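Have a look at input28.txt below; it lists compact mmCIF, C-alpha atoms and all ligand atoms.
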# COMPACT_ATOMS: atom_id res chain seq x y z
CA MET F 210 96.88 97.19 130.09
CA ARG F 211 93.42 95.87 129.05
CA PRO F 212 92.76 95.98 125.29
CA ARG F 213 90.32 98.69 124.18
CA GLN F 214 87.05 97.14 123.06
CA ASP F 215 85.78 100.14 121.15
CA ILE F 216 86.73 101.39 117.71
CA ASN F 217 87.81 104.88 116.73
CA ARG F 218 85.19 107.21 115.29
CA VAL F 219 85.70 108.65 111.80
CA THR F 220 85.67 112.44 112.06
CA ARG F 221 86.66 113.57 108.57
CA SER F 222 83.86 114.67 106.27
CA LYS F 223 82.85 112.85 103.08
CA GLU F 224 84.15 115.86 101.15
CA ASP F 225 87.55 115.42 102.82
CA ALA F 226 87.48 111.68 102.03
CA LYS F 227 86.61 112.35 98.40
CA ALA F 228 89.39 114.97 98.07
CA ALA F 229 91.91 112.63 99.75
CA TYR F 230 91.13 109.72 97.39
CA ASN F 231 91.15 112.05 94.38
CA ARG F 232 94.69 113.08 95.37
CA LEU F 233 95.81 109.53 96.21
CA CYS F 234 94.30 107.64 93.27
CA LYS F 235 97.34 107.93 90.94
CA TRP F 236 99.60 106.38 93.56
CA TYR F 237 97.12 103.96 95.13
CA ASP F 238 98.16 100.78 93.28
CA ILE F 239 101.86 101.47 93.87
CA ILE F 240 101.33 102.07 97.60
CA THR F 241 99.07 99.09 98.24
CA ILE F 242 100.27 96.44 95.79
CA GLY F 243 102.44 94.59 98.31
CA SER F 244 100.07 94.87 101.28
CA GLU F 245 96.40 94.76 100.24
CA GLY F 246 96.25 93.09 96.80
CA ARG F 247 96.47 89.51 98.04
CA TYR F 248 93.63 90.04 100.57
CA LEU F 249 91.46 91.54 97.84
CA GLN F 250 92.10 88.45 95.68
CA LEU F 251 91.43 86.13 98.63
CA GLY F 252 88.09 87.89 99.24
CA LEU F 253 87.14 87.56 95.57
CA SER F 254 87.93 83.85 95.60
CA LYS F 255 85.77 83.36 98.72
CA LEU F 256 82.83 85.24 97.17
CA ASN F 257 83.23 82.94 94.16
CA VAL F 258 81.04 84.91 91.77
CA LYS F 259 79.52 82.76 89.02
CA GLU F 260 78.67 83.46 85.39
CA GLY F 261 75.49 85.45 84.93
CA GLU F 262 75.48 87.02 88.42
CA LYS F 263 74.68 90.63 89.19
CA VAL F 264 77.32 91.89 91.59
CA LEU F 265 78.09 95.22 93.25
CA GLU F 266 81.47 96.42 94.49
CA ILE F 267 81.39 99.21 97.07
CA GLY F 268 84.49 101.46 97.08
CA PHE F 269 86.02 99.87 93.96
CA GLY F 270 89.08 102.17 94.04
CA THR F 271 91.34 101.78 91.00
CA GLY F 272 89.23 98.89 89.71
CA GLN F 273 91.22 95.73 90.54
CA GLY F 274 88.11 94.10 92.00
CA VAL F 275 85.61 95.18 89.34
CA LEU F 276 87.98 93.95 86.63
CA SER F 277 88.15 90.45 88.17
CA LEU F 278 84.40 90.44 88.80
CA ALA F 279 83.66 91.48 85.20
CA LYS F 280 85.67 88.48 83.95
CA ALA F 281 83.88 86.16 86.41
CA VAL F 282 80.29 87.17 85.53
CA GLY F 283 80.78 86.62 81.79
CA ILE F 284 78.74 88.16 79.01
CA ASN F 285 75.40 87.45 80.71
CA GLY F 286 76.34 88.95 84.05
CA ARG F 287 76.60 92.54 85.23
CA VAL F 288 79.01 94.32 87.56
CA TYR F 289 78.03 97.54 89.31
CA GLY F 290 80.36 99.75 91.29
CA ILE F 291 79.95 102.75 93.54
CA ASP F 292 82.81 104.93 94.78
CA LEU F 293 83.03 108.38 96.34
CA SER F 294 86.02 109.55 94.27
CA GLU F 295 85.82 110.71 90.63
CA GLY F 296 89.57 110.14 90.29
CA MET F 297 89.16 106.49 91.26
CA LEU F 298 86.19 106.19 88.89
CA ARG F 299 88.27 107.45 85.94
CA LEU F 300 91.11 105.00 86.65
CA ALA F 301 88.77 102.05 87.15
CA GLN F 302 86.79 102.88 84.00
CA ALA F 303 90.03 103.06 81.98
CA LYS F 304 90.98 99.56 83.23
CA ILE F 305 87.58 98.17 82.27
CA ASP F 306 87.61 99.87 78.86
CA GLY F 307 91.16 98.69 78.21
CA ALA F 308 90.11 95.11 78.90
CA GLY F 309 87.17 95.44 76.48
CA LEU F 310 84.62 94.76 79.27
CA LYS F 311 82.64 97.99 79.37
CA GLU F 312 79.41 96.34 78.16
CA ARG F 313 79.08 94.42 81.41
CA VAL F 314 80.23 97.07 83.92
CA GLU F 315 78.46 100.16 85.25
CA LEU F 316 80.45 102.41 87.59
CA LYS F 317 78.95 105.30 89.54
CA CYS F 318 80.31 108.05 91.73
CA GLY F 319 78.52 108.40 95.06
CA ASP F 320 78.26 107.67 98.77
CA ALA F 321 77.39 104.02 99.44
CA MET F 322 75.22 105.01 102.42
CA VAL F 323 72.35 104.93 99.96
CA LEU F 324 72.58 102.23 97.29
CA PRO F 325 70.75 103.05 94.05
CA PHE F 326 69.31 99.54 93.59
CA GLU F 327 65.93 97.88 94.13
CA PHE F 328 65.24 95.39 96.93
CA GLY F 329 66.71 91.97 96.08
CA SER F 330 68.08 93.08 92.72
CA LEU F 331 71.65 91.78 93.21
CA ASP F 332 73.21 88.34 93.78
CA SER F 333 76.32 89.46 95.63
CA VAL F 334 78.13 92.43 97.15
CA PHE F 335 81.88 92.84 97.56
CA MET F 336 83.97 95.41 99.37
CA SER F 337 87.62 95.53 100.33
CA PHE F 338 89.29 97.99 102.69
CA THR F 339 86.20 100.20 102.53
CA LEU F 340 83.86 99.24 105.42
CA GLU F 341 86.45 100.58 107.89
CA LEU F 342 86.19 104.06 106.31
CA PHE F 343 82.59 104.47 107.46
CA ASP F 344 81.93 106.04 110.85
CA THR F 345 80.77 103.61 113.55
CA PRO F 346 77.03 104.50 113.47
CA GLU F 347 77.10 104.37 109.65
CA ILE F 348 78.37 100.77 109.48
CA PRO F 349 75.09 98.98 110.40
CA ILE F 350 73.13 101.36 108.15
CA MET F 351 75.38 100.68 105.17
CA LEU F 352 75.29 96.92 105.81
CA GLY F 353 71.49 97.21 106.06
CA GLU F 354 71.52 98.76 102.60
CA CYS F 355 73.57 95.78 101.36
CA LYS F 356 71.03 93.38 102.89
CA ARG F 357 68.17 95.27 101.22
CA VAL F 358 69.66 95.17 97.72
CA LEU F 359 70.68 91.51 98.10
CA GLY F 360 67.37 90.20 99.35
CA VAL F 361 66.98 86.51 100.25
CA GLY F 362 69.90 84.25 99.32
CA GLY F 363 72.31 87.07 98.46
CA ARG F 364 76.00 86.81 99.40
CA ILE F 365 78.36 89.45 100.75
CA CYS F 366 82.12 89.41 101.16
CA VAL F 367 83.86 92.06 103.25
CA VAL F 368 87.65 92.33 103.31
CA ALA F 369 88.59 94.64 106.19
CA MET F 370 91.33 95.51 108.60
CA SER F 371 90.13 93.71 111.71
CA LYS F 372 90.93 94.67 115.27
CA PRO F 373 92.39 91.79 117.28
CA ARG F 374 91.23 91.20 120.86
CA GLU F 375 94.85 91.50 122.03
CA LEU F 376 96.15 94.78 120.67
CA LYS F 377 99.56 94.59 119.04
CA LEU F 378 101.84 97.63 119.02
CA ALA F 379 101.30 98.15 115.26
CA VAL F 380 97.49 98.38 115.72
CA ARG F 381 97.90 100.84 118.61
CA ILE F 382 100.17 103.02 116.47
CA TYR F 383 97.67 102.84 113.58
CA GLU F 384 94.82 103.92 115.85
CA TRP F 385 96.91 106.73 117.34
CA VAL F 386 97.77 108.07 113.86
CA HIS F 387 94.09 107.80 112.87
CA ASP F 388 93.14 109.79 115.98
CA LYS F 389 95.71 112.52 115.36
CA PHE F 390 95.53 112.81 111.56
CA PRO F 391 92.00 111.68 110.63
CA VAL F 392 92.04 113.39 107.24
CA TYR F 393 95.24 111.65 106.10
CA VAL F 394 94.64 108.21 107.65
CA ASP F 395 90.91 107.68 107.37
CA CYS F 396 90.73 103.92 107.89
CA ARG F 397 91.00 102.23 111.26
CA PRO F 398 90.68 98.61 112.38
CA ILE F 399 87.10 97.52 113.13
CA PHE F 400 85.49 94.40 114.61
CA ALA F 401 84.76 93.11 111.13
CA ARG F 402 83.24 89.76 112.09
C1 LIG F 501 91.03 102.14 100.81
S1 LIG F 501 90.30 102.33 99.21
C2 LIG F 501 90.07 100.63 98.72
C3 LIG F 501 89.89 100.49 97.24
C4 LIG F 501 89.67 99.06 96.72
N1 LIG F 501 88.49 98.46 97.29
C5 LIG F 501 90.85 98.21 97.02
O1 LIG F 501 90.79 97.31 97.87
O2 LIG F 501 91.90 98.44 96.36
C6 LIG F 501 88.67 102.81 99.67
C7 LIG F 501 87.80 103.25 98.52
O3 LIG F 501 86.49 103.52 99.03
C8 LIG F 501 86.01 104.73 98.50
N2 LIG F 501 85.06 105.30 99.47
C9 LIG F 501 85.33 105.92 100.64
N3 LIG F 501 84.21 106.28 101.26
C10 LIG F 501 83.19 105.89 100.45
C11 LIG F 501 81.77 106.01 100.53
N4 LIG F 501 81.17 106.62 101.56
N5 LIG F 501 81.02 105.49 99.52
C12 LIG F 501 81.62 104.90 98.45
N6 LIG F 501 82.96 104.76 98.32
C13 LIG F 501 83.72 105.25 99.32
C14 LIG F 501 87.26 105.59 98.29
O4 LIG F 501 87.05 106.60 97.33
C15 LIG F 501 88.28 104.54 97.85
O5 LIG F 501 88.29 104.38 96.46
Please re-express this file's structure in structure tokens.
Ligand SMILES: C[S@@+](CC[C@H](N)C(=O)[O-])C[C@H]1O[C@@H](n2cnc3c(N)ncnc32)[C@H](O)[C@@H]1O
Amino acid sequence: MRPRQDINRVTRSKEDAKAAYNRLCKWYDIITIGSEGRYLQLGLSKLNVKEGEKVLEIGFGTGQGVLSLAKAVGINGRVYGIDLSEGMLRLAQAKIDGAGLKERVELKCGDAMVLPFEFGSLDSVFMSFTLELFDTPEIPIMLGECKRVLGVGGRICVVAMSKPRELKLAVRIYEWVHDKFPVYVDCRPIFAR
């Protein structure tokens, strides 16, 4: 059988996505700690944010990434975050407050299809396990927004579940579940590169 060269569409609404992440947020770290955490950390080390930078995380979830970024930018830097879910925002904000870093972090609730930043106002953008939640036609638009806010010389790091050319059974099962239960499993592998 030839591998499929397309990617699944995302059919659930943003309201459904928001409700799903609001329900999931309390359990998110427990569910993902063994599987996703090390890729998030690998992405952060590749982005290699320096002191004084202005950095945005899209889909910051429970705040693991924004916490690391806030430490990396130091007192002269600034970390911004945007996430669809208020539940995730509350958890992430509590982590930042608990670490005494709230002066350098600004978290917002919203859809990252429109980024509330000026052209070229940021040094870097980070996202992990979030690009694959956007529907296929939305992906280039959202990345275009990232390019706009970064301007010339900006850096972006995307950690995503990537679809291999040769489809393994596990990826086929994942795509099948995404097809059948799009509200419960909203991410699917994409051609991230
Ligand atoms: C799979 S979680 C990943 C969380 C975090 N980046 C991590 O790696 O642990 C995806 C996050 O993206 C957020 N999200 C989903 N769609 C979004 C959108 N359109 N705009 C902004 N955030 C979104 C969800 O609320 C959720 O917190």
Distance query 12 Å from (82.7, 92.3, 98.3) using all atoms listed in the file, result as a ChimeraX atom specification: /F:248-258,264-269,274-275,277-278,288-291,332-340,352,355,363-369
Nearest to ligand LIG 501 (chain F) by atom-to-atom distance, counting only C-alpha atoms and all ligand atoms, from F:Ala379, F:Leu276, F:Val386, F:Cys396: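 Residue with the minimum atom-to-atom distance to ligand LIG 501 (chain F): F:Cys396.
Considering the residues F:Ile242, F:Met322, F:Ala279, F:Ala308 and counting only C-alpha atoms, Phe343 (chain F) has its shortest atom-to-atom contact with F:Met322.
Nearest to Gly307 (chain F) of all the residues F:Gly272, F:Pro398, F:Pro346, F:Pro325 is F:Gly272, counting only C-alpha atoms.
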Nearest to ligand LIG 501 (chain F), chosen from F:Leu293, F:Val380, F:Met351, F:Ile240, with only C-alpha atoms and all ligand atoms counted in the distances: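 Closest residue, counting only C-alpha atoms and all ligand atoms: F:Leu293.
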Nearest-residue call for Lys356 (chain F), choices F:Val323, F:Ile284, F:Leu378, F:Cys318, using all atoms listed in the file: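 Selected residue with least distance to Lys356 (chain F): F:Val323.
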Two-atom distance - CA of Leu331 (chain F), CA of Gly261 (chain F) (Å): 11.1 Å
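One distance worth recording is that between CA of Glu295 (chain F) and CA of Gly360 (chain F), which is 28.9 Å.
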Among listed residues F:Asp395, F:Glu375, F:Glu262, F:Lys304, nearest ligand LIG 501 (chain F) (using all atoms listed in the file):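 Among the listed residues, the smallest separation from ligand LIG 501 (chain F) belongs to F:Asp395.
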Point-to-point distance from CA of Gly243 (chain F) to CA of Pro391 (chain F), Å rounded to tenths: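 Separation between CA of Gly243 (chain F) and CA of Pro391 (chain F): 23.5 Å.
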Shell of 10 Å around Ala303 (chain F), all atoms listed in the file, local chain residues under 6 positions omitted, as a list in words: Thr271, Gly272, Met297, Gly309 and Lys311 of chain F
10 Å contact set for region 212-227 of chain F, all atoms listed in the file, chain neighbours under 4 positions out, as a PyMOL selection string: chain F and resi 231-233+292-297+319-320+341-347+372-377+381+384-385+387-388+390-400
